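Participant: Structure supplied as work_16.pdb; contents: PDB, C-alpha atoms.
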```pdb
ATOM      1  CA  MET K   5      29.076  28.956  25.942
ATOM      2  CA  GLY K   6      30.789  27.866  29.177
ATOM      3  CA  GLY K   7      31.243  24.338  30.404
ATOM      4  CA  GLY K   8      28.760  24.728  33.290
ATOM      5  CA  ILE K   9      25.918  25.690  30.965
ATOM      6  CA  SER K  10      26.603  22.859  28.583
ATOM      7  CA  GLN K  11      26.505  20.281  31.351
ATOM      8  CA  ALA K  12      23.312  21.681  32.837
ATOM      9  CA  THR K  13      21.441  21.799  29.532
ATOM     10  CA  ALA K  14      18.944  18.948  29.157
ATOM     11  CA  GLN K  15      17.807  17.333  25.900
ATOM     12  CA  THR K  16      14.075  16.590  25.669
ATOM     13  CA  GLU K  17      11.385  15.852  23.106
ATOM     14  CA  THR K  18       8.162  17.794  23.691
ATOM     15  CA  ALA K  19       4.583  16.899  22.941
ATOM     16  CA  ALA K  20       2.356  18.877  20.605
ATOM     17  CA  SER K  21       1.232  21.370  23.263
ATOM     18  CA  GLY K  22       1.773  25.142  23.120
ATOM     19  CA  SER K  23       4.574  25.121  25.696
ATOM     20  CA  ILE K  24       8.009  24.168  24.366
ATOM     21  CA  ILE K  25      10.327  25.090  27.239
ATOM     22  CA  ASP K  26       9.261  25.951  30.790
ATOM     23  CA  LEU K  27      12.004  26.913  33.270
ATOM     24  CA  GLU K  28      10.923  28.141  36.690
ATOM     25  CA  ASN K  29      12.785  28.305  39.991
ATOM     26  CA  GLU K  30      13.462  30.788  42.788
ATOM     27  CA  GLU K  31      15.355  33.109  40.444
ATOM     28  CA  VAL K  32      13.704  33.132  37.006
ATOM     29  CA  ASN K  33      10.596  32.226  35.080
ATOM     30  CA  ILE K  34      11.362  31.470  31.416
ATOM     31  CA  GLN K  35       8.829  30.104  28.943
ATOM     32  CA  LEU K  36       9.081  29.388  25.226
ATOM     33  CA  GLN K  37       5.761  28.773  23.495
ATOM     34  CA  ALA K  38       4.492  28.187  19.967
ATOM     35  CA  GLN K  39       1.240  29.849  18.958
ATOM     36  CA  GLN K  40       0.654  27.081  16.395
ATOM     37  CA  ARG K  41       2.831  24.232  15.213
ATOM     38  CA  THR K  42       0.753  23.611  12.081
ATOM     39  CA  VAL K  43      -0.010  26.621   9.883
ATOM     40  CA  GLU K  44      -1.640  27.198   6.513
ATOM     41  CA  HIS K  45       0.317  27.713   3.315
ATOM     42  CA  GLY K  46       2.197  31.011   3.314
ATOM     43  CA  GLU K  47       1.876  31.546   7.077
ATOM     44  CA  PRO K  48       4.839  31.475   9.519
ATOM     45  CA  VAL K  49       5.211  29.572  12.783
ATOM     46  CA  ILE K  50       5.521  32.022  15.697
ATOM     47  CA  LEU K  51       7.542  31.296  18.844
ATOM     48  CA  ILE K  52       7.223  33.547  21.900
ATOM     49  CA  LEU K  53       9.961  33.701  24.540
ATOM     50  CA  SER K  54       8.931  35.232  27.877
ATOM     51  CA  ALA K  55      11.592  35.732  30.557
ATOM     52  CA  ALA K  56      11.209  37.297  34.006
ATOM     53  CA  SER K  57      13.752  37.907  36.752
ATOM     54  CA  TYR K  58      12.261  37.915  40.236
ATOM     55  CA  VAL K  59      12.579  41.095  42.275
ATOM     56  CA  THR K  60      14.264  39.118  45.042
ATOM     57  CA  ASN K  61      17.370  38.609  42.888
ATOM     58  CA  SER K  62      20.429  40.605  43.822
ATOM     59  CA  ASP K  63      22.105  40.206  40.433
ATOM     60  CA  SER K  64      21.038  40.473  36.828
ATOM     61  CA  VAL K  65      20.035  37.411  34.785
ATOM     62  CA  THR K  66      21.476  36.801  31.313
ATOM     63  CA  VAL K  67      19.285  34.697  29.014
ATOM     64  CA  GLN K  68      20.206  33.267  25.610
ATOM     65  CA  LEU K  69      17.793  31.732  23.095
ATOM     66  CA  ILE K  70      19.050  29.614  20.183
ATOM     67  CA  VAL K  71      16.721  28.366  17.448
ATOM     68  CA  GLU K  72      18.017  26.294  14.550
ATOM     69  CA  SER K  73      16.712  24.046  11.818
ATOM     70  CA  SER K  74      17.796  22.217   8.712
ATOM     71  CA  SER K  75      17.786  23.926   5.325
ATOM     72  CA  GLY K  76      14.450  25.056   3.923
ATOM     73  CA  VAL K  77      13.525  27.322   6.840
ATOM     74  CA  SER K  78      14.206  31.008   7.489
ATOM     75  CA  ILE K  79      14.313  32.105  11.144
ATOM     76  CA  THR K  80      14.145  35.757  12.205
ATOM     77  CA  GLY K  81      13.442  37.595  15.451
ATOM     78  CA  GLY K  82      13.217  40.937  17.186
ATOM     79  CA  THR K  83      16.071  42.894  18.733
ATOM     80  CA  ALA K  84      19.643  41.746  19.315
ATOM     81  CA  GLU K  85      19.405  38.808  16.915
ATOM     82  CA  GLN K  86      22.578  37.184  15.680
ATOM     83  CA  GLY K  87      22.791  34.796  12.750
ATOM     84  CA  SER K  88      20.534  34.339   9.755
ATOM     85  CA  GLY K  89      18.862  31.752   7.582
ATOM     86  CA  SER K  90      18.240  28.504   9.429
ATOM     87  CA  GLN K  91      19.857  29.623  12.711
ATOM     88  CA  PHE K  92      18.892  32.388  15.118
ATOM     89  CA  SER K  93      20.423  33.487  18.420
ATOM     90  CA  THR K  94      19.650  36.305  20.821
ATOM     91  CA  VAL K  95      20.976  37.316  24.263
ATOM     92  CA  THR K  96      19.179  39.564  26.733
ATOM     93  CA  THR K  97      20.009  40.747  30.250
ATOM     94  CA  LEU K  98      17.278  41.172  32.862
ATOM     95  CA  ASN K  99      17.647  43.361  35.907
ATOM     96  CA  PRO K 100      16.012  42.183  39.142
ATOM     97  CA  GLY K 101      12.238  42.545  38.875
ATOM     98  CA  SER K 102      12.227  43.060  35.096
ATOM     99  CA  SER K 103      10.857  40.935  32.263
ATOM    100  CA  GLU K 104      11.118  40.731  28.497
ATOM    101  CA  SER K 105       9.246  39.087  25.639
ATOM    102  CA  LEU K 106      10.694  38.096  22.265
ATOM    103  CA  ARG K 107       8.950  36.990  19.079
ATOM    104  CA  VAL K 108      10.682  34.503  16.745
ATOM    105  CA  VAL K 109       9.321  33.947  13.229
ATOM    106  CA  ILE K 110       9.911  30.644  11.426
ATOM    107  CA  ASN K 111       9.189  30.833   7.700
ATOM    108  CA  PRO K 112       9.307  27.537   5.749
ATOM    109  CA  ASN K 113      10.454  28.078   2.164
ATOM    110  CA  GLU K 114       7.896  25.525   0.959
ATOM    111  CA  PRO K 115       5.145  23.378   2.511
ATOM    112  CA  GLY K 116       6.213  20.406   4.604
ATOM    113  CA  THR K 117       7.276  19.257   8.071
ATOM    114  CA  TYR K 118      10.483  20.580   9.629
ATOM    115  CA  GLU K 119      12.423  19.707  12.760
ATOM    116  CA  ILE K 120      13.217  22.760  14.898
ATOM    117  CA  THR K 121      15.721  22.686  17.754
ATOM    118  CA  THR K 122      15.340  25.313  20.491
ATOM    119  CA  GLU K 123      17.649  25.953  23.421
ATOM    120  CA  VAL K 124      17.372  28.358  26.344
ATOM    121  CA  VAL K 125      20.275  28.920  28.773
ATOM    122  CA  TYR K 126      20.760  31.474  31.532
ATOM    123  CA  PHE K 127      23.155  32.438  34.317
ATOM    124  CA  ILE K 128      23.020  34.795  37.297
ATOM    125  CA  GLY K 129      25.378  37.762  37.579
ATOM    126  CA  ASP K 130      28.840  36.960  36.205
ATOM    127  CA  ASN K 131      28.888  33.328  37.288
ATOM    128  CA  LYS K 132      28.622  31.595  33.903
ATOM    129  CA  ASP K 133      29.707  28.260  35.312
ATOM    130  CA  SER K 134      26.493  28.025  37.357
ATOM    131  CA  GLY K 135      24.322  28.433  34.278
ATOM    132  CA  SER K 136      21.402  26.174  33.494
ATOM    133  CA  GLY K 137      19.017  25.604  30.613
ATOM    134  CA  GLU K 138      17.044  23.255  28.427
ATOM    135  CA  ARG K 139      17.287  22.004  24.845
ATOM    136  CA  THR K 140      14.191  20.770  23.014
ATOM    137  CA  SER K 141      13.235  19.560  19.524
ATOM    138  CA  ILE K 142       9.801  20.089  17.988
ATOM    139  CA  SER K 143       8.196  19.503  14.586
ATOM    140  CA  VAL K 144       6.421  22.305  12.747
ATOM    141  CA  ASN K 145       4.333  21.887   9.635
ATOM    142  CA  GLN K 146       3.127  24.171   6.856
ATOM    143  CA  ASN K 147       0.161  22.794   4.933
ATOM    144  CA  LEU K 148      -0.065  22.569   1.159
ATOM    145  CA  PRO K 149      -2.078  25.264  -0.677
ATOM    146  CA  SER K 150      -5.837  24.892  -0.426
ATOM    147  CA  ARG K 151      -7.469  23.193  -3.397
ATOM    148  CA  ASP K 152      -9.771  25.944  -4.604
ATOM    149  CA  ILE K 153     -10.943  26.570  -8.169
ATOM    150  CA  ILE K 154      -7.654  28.323  -8.974
ATOM    151  CA  TRP K 155      -5.718  25.212  -7.935
ATOM    152  CA  TRP K 156      -7.754  23.076 -10.338
ATOM    153  CA  THR K 157      -7.629  25.593 -13.227
ATOM    154  CA  PRO K 158      -4.796  23.860 -15.194
ATOM    155  CA  THR K 159      -6.607  20.509 -14.957
ATOM    156  CA  ILE K 160      -9.955  21.955 -16.017
ATOM    157  CA  ILE K 161      -8.481  23.872 -18.970
ATOM    158  CA  GLY K 162      -6.339  20.881 -19.963
ATOM    159  CA  PHE K 163      -9.223  18.435 -20.214
ATOM    160  CA  ILE K 164     -11.561  20.944 -21.886
ATOM    161  CA  SER K 165      -8.872  21.666 -24.471
ATOM    162  CA  GLY K 166      -8.300  17.928 -24.949
ATOM    163  CA  GLY K 167     -12.047  17.423 -25.439
ATOM    164  CA  VAL K 168     -12.250  20.126 -28.097
ATOM    165  CA  ILE K 169      -9.292  18.669 -29.994
ATOM    166  CA  ALA K 170     -10.695  15.124 -29.667
ATOM    167  CA  ALA K 171     -14.089  16.226 -31.010
ATOM    168  CA  TRP K 172     -12.367  17.897 -33.951
ATOM    169  CA  LEU K 173     -10.243  14.819 -34.718
ATOM    170  CA  LEU K 174     -13.250  12.459 -34.517
ATOM    171  CA  ARG K 175     -15.598  14.561 -36.606
ATOM    172  CA  PRO K 176     -17.255  12.892 -39.626
ATOM    173  CA  PRO K 177     -16.070  11.041 -41.630
ATOM    174  CA  ASN K 178     -13.377  10.074 -39.093
ATOM    175  CA  ALA K 179     -16.057   8.999 -36.590
ATOM    176  CA  ASP K 180     -17.577   6.573 -39.085
ATOM    177  CA  MET K 181     -14.157   5.125 -39.837
ATOM    178  CA  VAL K 182     -13.579   4.403 -36.146
ATOM    179  CA  LYS K 183     -17.086   2.991 -35.587
ATOM    180  CA  ASN K 184     -17.053   0.767 -38.658
ATOM    181  CA  TRP K 185     -13.389  -0.252 -38.711
ATOM    182  CA  ARG K 186     -13.156  -3.990 -39.578
ATOM    183  CA  GLN K 187     -16.735  -4.909 -38.728
ATOM    184  CA  ASP K 188     -16.009  -8.501 -39.744
ATOM    185  CA  VAL K 189     -13.843  -8.885 -36.625
ATOM    186  CA  SER K 190     -15.499  -6.335 -34.333
ATOM    187  CA  PHE K 191     -14.128  -7.801 -31.096
ATOM    188  CA  TRP K 192     -10.484  -7.703 -32.161
ATOM    189  CA  SER K 193     -10.780  -4.274 -33.722
ATOM    190  CA  THR K 194     -12.346  -2.955 -30.524
ATOM    191  CA  LEU K 195      -9.694  -4.717 -28.441
ATOM    192  CA  VAL K 196      -6.956  -2.972 -30.420
ATOM    193  CA  ILE K 197      -8.567   0.444 -29.893
ATOM    194  CA  VAL K 198      -9.167  -0.185 -26.193
ATOM    195  CA  SER K 199      -5.645  -1.549 -25.665
ATOM    196  CA  ILE K 200      -3.954   1.362 -27.413
ATOM    197  CA  GLY K 201      -6.184   3.836 -25.583
ATOM    198  CA  SER K 202      -5.609   2.223 -22.176
ATOM    199  CA  ILE K 203      -1.843   2.086 -22.621
ATOM    200  CA  SER K 204      -1.780   5.712 -23.785
ATOM    201  CA  VAL K 205      -3.920   6.950 -20.890
ATOM    202  CA  CYS K 206      -1.926   4.899 -18.380
ATOM    203  CA  PHE K 207       1.349   6.279 -19.701
ATOM    204  CA  ALA K 208       0.070   9.868 -19.744
ATOM    205  CA  GLY K 209      -1.373   9.584 -16.236
ATOM    206  CA  THR K 210       1.797   8.051 -14.781
ATOM    207  CA  TRP K 211       3.946  10.690 -16.460
ATOM    208  CA  PHE K 212       1.742  13.466 -15.087
ATOM    209  CA  ALA K 213       1.816  11.971 -11.578
ATOM    210  CA  ILE K 214       5.622  11.824 -11.668
ATOM    211  CA  GLN K 215       5.839  15.417 -12.904
ATOM    212  CA  SER K 216       3.449  16.541 -10.151
ATOM    213  CA  MET K 217       5.547  14.862  -7.466
ATOM    214  CA  ALA K 218       8.704  16.443  -8.861
ATOM    215  CA  GLY K 219       6.915  19.783  -8.776
ATOM    216  CA  THR K 220       6.772  19.787  -4.969
ATOM    217  CA  SER K 221      10.435  20.788  -4.967
ATOM    218  CA  SER K 222      10.248  23.078  -7.992
ATOM    219  CA  ASN K 223       7.817  25.491  -9.626
ATOM    220  CA  MET K 224       5.076  22.923 -10.234
ATOM    221  CA  ALA K 225       3.910  22.603  -6.630
ATOM    222  CA  GLY K 226       0.125  22.567  -6.724
ATOM    223  CA  THR K 227      -0.433  20.229  -9.659
ATOM    224  CA  PRO K 228      -2.881  17.455  -8.713
ATOM    225  CA  PHE K 229      -0.942  14.219  -8.304
ATOM    226  CA  GLU K 230      -4.236  12.379  -7.759
ATOM    227  CA  VAL K 231      -5.350  13.085 -11.335
ATOM    228  CA  GLY K 232      -2.383  11.327 -12.882
ATOM    229  CA  PHE K 233      -2.449   8.464 -10.406
ATOM    230  CA  ALA K 234      -6.180   7.889 -10.925
ATOM    231  CA  LEU K 235      -5.819   7.920 -14.707
ATOM    232  CA  SER K 236      -2.982   5.402 -14.687
ATOM    233  CA  PHE K 237      -4.853   3.088 -12.297
ATOM    234  CA  ILE K 238      -8.349   3.321 -13.773
ATOM    235  CA  ALA K 239      -7.281   3.083 -17.434
ATOM    236  CA  ALA K 240      -6.504  -0.635 -17.198
ATOM    237  CA  ILE K 241      -9.737  -1.410 -15.309
ATOM    238  CA  VAL K 242     -11.897   0.502 -17.782
ATOM    239  CA  GLY K 243     -10.079  -1.166 -20.677
ATOM    240  CA  ILE K 244     -10.953  -4.618 -19.324
ATOM    241  CA  VAL K 245     -14.609  -3.667 -18.821
ATOM    242  CA  LEU K 246     -14.945  -2.198 -22.302
ATOM    243  CA  THR K 247     -13.273  -5.239 -23.817
ATOM    244  CA  GLY K 248     -15.918  -7.379 -22.125
ATOM    245  CA  VAL K 249     -18.648  -5.168 -23.539
ATOM    246  CA  SER K 250     -17.231  -5.522 -27.023
ATOM    247  CA  TRP K 251     -17.070  -9.304 -26.592
ATOM    248  CA  MET K 252     -20.863  -9.312 -26.283
ATOM    249  CA  GLY K 253     -21.055  -7.822 -29.752
ATOM    250  CA  GLU K 254     -23.370  -4.983 -28.757
ATOM    251  CA  PHE K 255     -22.728  -1.313 -29.423
ATOM    252  CA  THR K 256     -19.171  -2.052 -30.507
ATOM    253  CA  GLY K 257     -19.142   0.972 -32.795
ATOM    254  CA  LYS K 258     -20.132   3.291 -29.973
ATOM    255  CA  VAL K 259     -17.643   1.636 -27.643
ATOM    256  CA  ARG K 260     -14.843   2.233 -30.124
ATOM    257  CA  LEU K 261     -15.810   5.840 -30.700
ATOM    258  CA  GLY K 262     -16.445   6.614 -27.013
ATOM    259  CA  TYR K 263     -13.237   5.100 -25.720
ATOM    260  CA  GLY K 264     -11.280   6.605 -28.568
ATOM    261  CA  PHE K 265     -12.662  10.027 -27.595
ATOM    262  CA  LEU K 266     -11.807   9.561 -23.885
ATOM    263  CA  SER K 267      -8.329   8.328 -24.730
ATOM    264  CA  ILE K 268      -7.585  11.361 -26.869
ATOM    265  CA  VAL K 269      -8.975  13.704 -24.181
ATOM    266  CA  CYS K 270      -6.745  12.198 -21.481
ATOM    267  CA  VAL K 271      -3.640  11.867 -23.615
ATOM    268  CA  LEU K 272      -3.893  15.500 -24.776
ATOM    269  CA  GLY K 273      -5.323  16.936 -21.560
ATOM    270  CA  VAL K 274      -2.477  15.743 -19.350
ATOM    271  CA  PRO K 275       0.427  17.499 -21.155
ATOM    272  CA  ILE K 276      -1.713  20.603 -21.748
ATOM    273  CA  GLN K 277      -2.327  21.038 -18.016
ATOM    274  CA  ILE K 278       1.373  20.532 -17.283
ATOM    275  CA  VAL K 279       2.246  23.309 -19.729
ATOM    276  CA  ILE K 280      -0.390  25.574 -18.147
ATOM    277  CA  SER K 281       0.940  24.786 -14.636
ATOM    278  CA  LEU K 282       4.465  25.720 -15.708
ATOM    279  CA  VAL K 283       3.304  28.951 -17.358
ATOM    280  CA  ILE K 284       1.329  29.972 -14.256
ATOM    281  CA  SER K 285       4.196  29.123 -11.872
ATOM    282  CA  VAL K 286       6.777  31.239 -13.698
ATOM    283  CA  SER K 287       4.483  34.199 -14.390
TER     284      SER K 287
END
```
In structure tokens, what does this structure look like?
Facilitator:
Amino acid sequence: MGGGISQATAQTETAASGSIIDLENEEVNIQLQAQQRTVEHGEPVILILSAASYVTNSDSVTVQLIVESSSGVSITGGTAEQGSGSQFSTVTTLNPGSSESLRVVINPNEPGTYEITTEVVYFIGDNKDSGSGERTSISVNQNLPSRDIIWWTPTIIGFISGGVIAAWLLRPPNADMVKNWRQDVSFWSTLVIVSIGSISVCFAGTWFAIQSMAGTSSNMAGTPFEVGFALSFIAAIVGIVLTGVSWMGEFTGKVRLGYGFLSIVCVLGVPIQIVISLVISVS
């Protein structure tokens, strides 16, 4: 674009209102608006450019819209678009008294917040050096998928499967072996079980949380990070409480068996739900 337009173009940061760019003078009325800057998962952000040339003009008005973003966003529009991917440009000419509206669609490739730069420039007749315009940056956001029953399905199936396997492993006579293991030193035997269980659950939960975070940029987006984080945090607290219970010497057999069962459920449930998440994401 010509030197006059570049010098006349202003750089601004807009607030979170619907209007992005508003240019109005004795010659033109140009507005760029966003229907919504925050949309649900899978929905696009829509920009609407409205341009009108007043009937009092003696010459035509040429208007250019440029929309660009970093990688991770696809930008498309209506007629006369030039460019693709993360950059879009269109030029339209308005005769005196005419107007035109253009719809621009911004599709994030994955949920998140993206910086979008928009620029509108125009000139009257053939005098490009007298052009004017405005350049503005906005943030648009696409929310994560809603957490419905489908979202929680891998977690539910994982822990149910872990519970079934744990019940099978701790069936008699294995249950009696765990409950009665080294009754002469019940506190230390319980402490060993609780310690091993807590460390195992903490490790499994941390691993799952890390995998869930990595999934936001891969096929595992939608796995519940909170599950892994909660397991890794709560495991140590519960281990301390159960160790205190065993110190009292009451119900130590049930404590051993109960915490052993929960440990097996968590340790098996976590990798099972990761496998299910991966299978669902690639199917």
Participant: By how many Å are atom CA of Tyr126 of chain K and atom CA of Ser64 of chain K apart?
Facilitator: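 Result for atom CA of Tyr126 of chain K versus atom CA of Ser64 of chain K: 10.4 Å, one decimal.
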Participant: If you measure from atom CA of Gly116 of chain K to atom CA of His45 of chain K, what distance in Å do you get, rounded to one decimal?
Facilitator: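 Rounded to one decimal, the two atoms are 9.5 Å apart.
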Participant: To one decimal place, how far is atom CA of Ser267 of chain K from atom CA of Phe207 of chain K in Å?
Facilitator: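 Interatomic distance, atom CA of Ser267 of chain K to atom CA of Phe207 of chain K: 11.1 Å.
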Participant: Please evaluate the PyMOL selection byres ((chain K and resi 114) around 9) against the structure above and give the resulting residues as a ChimeraX atom specification.
Facilitator: /K:45-46,76-77,111-113,115-116,146,148,220-221
Participant: Mind dumping the selected residues with C-alpha atoms as an mmCIF file, in the coordinates of the input?
Facilitator:
```cif
data_model
loop_
_atom_site.group_PDB
_atom_site.id
_atom_site.type_symbol
_atom_site.label_atom_id
_atom_site.label_comp_id
_atom_site.auth_asym_id
_atom_site.auth_seq_id
_atom_site.Cartn_x
_atom_site.Cartn_y
_atom_site.Cartn_z
ATOM 1 C CA HIS K 45 0.317 27.713 3.315
ATOM 2 C CA GLY K 46 2.197 31.011 3.314
ATOM 3 C CA GLY K 76 14.450 25.056 3.923
ATOM 4 C CA VAL K 77 13.525 27.322 6.840
ATOM 5 C CA ASN K 111 9.189 30.833 7.700
ATOM 6 C CA PRO K 112 9.307 27.537 5.749
ATOM 7 C CA ASN K 113 10.454 28.078 2.164
ATOM 8 C CA PRO K 115 5.145 23.378 2.511
ATOM 9 C CA GLY K 116 6.213 20.406 4.604
ATOM 10 C CA GLN K 146 3.127 24.171 6.856
ATOM 11 C CA LEU K 148 -0.065 22.569 1.159
ATOM 12 C CA THR K 220 6.772 19.787 -4.969
ATOM 13 C CA SER K 221 10.435 20.788 -4.967
#
```
Participant: Closest to Asp63 of chain K among K:Val283, K:Ile200, K:Ile128, K:Val108, using only C-alpha atoms?
Facilitator: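 Selected residue with least distance to Asp63 of chain K: K:Ile128.
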Participant: Output as a CSV table (one decimal), keeping the file's coordinate frame: segment 33-44 of chain K, completed with N, CA and C atoms.
Facilitator:
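Contents of the output file out.csv:
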```csv
chain,number,residue,atom,x,y,z
K,33,ASN,N,11.7,32.9,35.7
K,33,ASN,CA,10.6,32.2,35.1
K,33,ASN,C,10.7,32.4,33.6
K,34,ILE,N,11.1,31.4,32.9
K,34,ILE,CA,11.4,31.5,31.4
K,34,ILE,C,10.5,30.5,30.7
K,35,GLN,N,9.7,31.0,29.7
K,35,GLN,CA,8.8,30.1,28.9
K,35,GLN,C,9.0,30.4,27.5
K,36,LEU,N,9.1,29.3,26.7
K,36,LEU,CA,9.1,29.4,25.2
K,36,LEU,C,7.9,28.6,24.7
K,37,GLN,N,7.0,29.4,24.0
K,37,GLN,CA,5.8,28.8,23.5
K,37,GLN,C,5.6,29.0,22.0
K,38,ALA,N,4.8,28.1,21.4
K,38,ALA,CA,4.5,28.2,20.0
K,38,ALA,C,3.0,28.5,19.9
K,39,GLN,N,2.6,29.5,19.1
K,39,GLN,CA,1.2,29.8,19.0
K,39,GLN,C,0.5,28.7,18.2
K,40,GLN,N,1.2,28.2,17.2
K,40,GLN,CA,0.7,27.1,16.4
K,40,GLN,C,1.8,26.3,15.8
K,41,ARG,N,1.8,25.0,15.8
K,41,ARG,CA,2.8,24.2,15.2
K,41,ARG,C,2.5,23.8,13.8
K,42,THR,N,1.2,23.9,13.4
K,42,THR,CA,0.8,23.6,12.1
K,42,THR,C,0.1,24.8,11.6
K,43,VAL,N,0.5,25.4,10.4
K,43,VAL,CA,0.0,26.6,9.9
K,43,VAL,C,-0.4,26.4,8.4
K,44,GLU,N,-1.2,27.3,7.9
K,44,GLU,CA,-1.6,27.2,6.5
K,44,GLU,C,-0.5,27.7,5.6
```
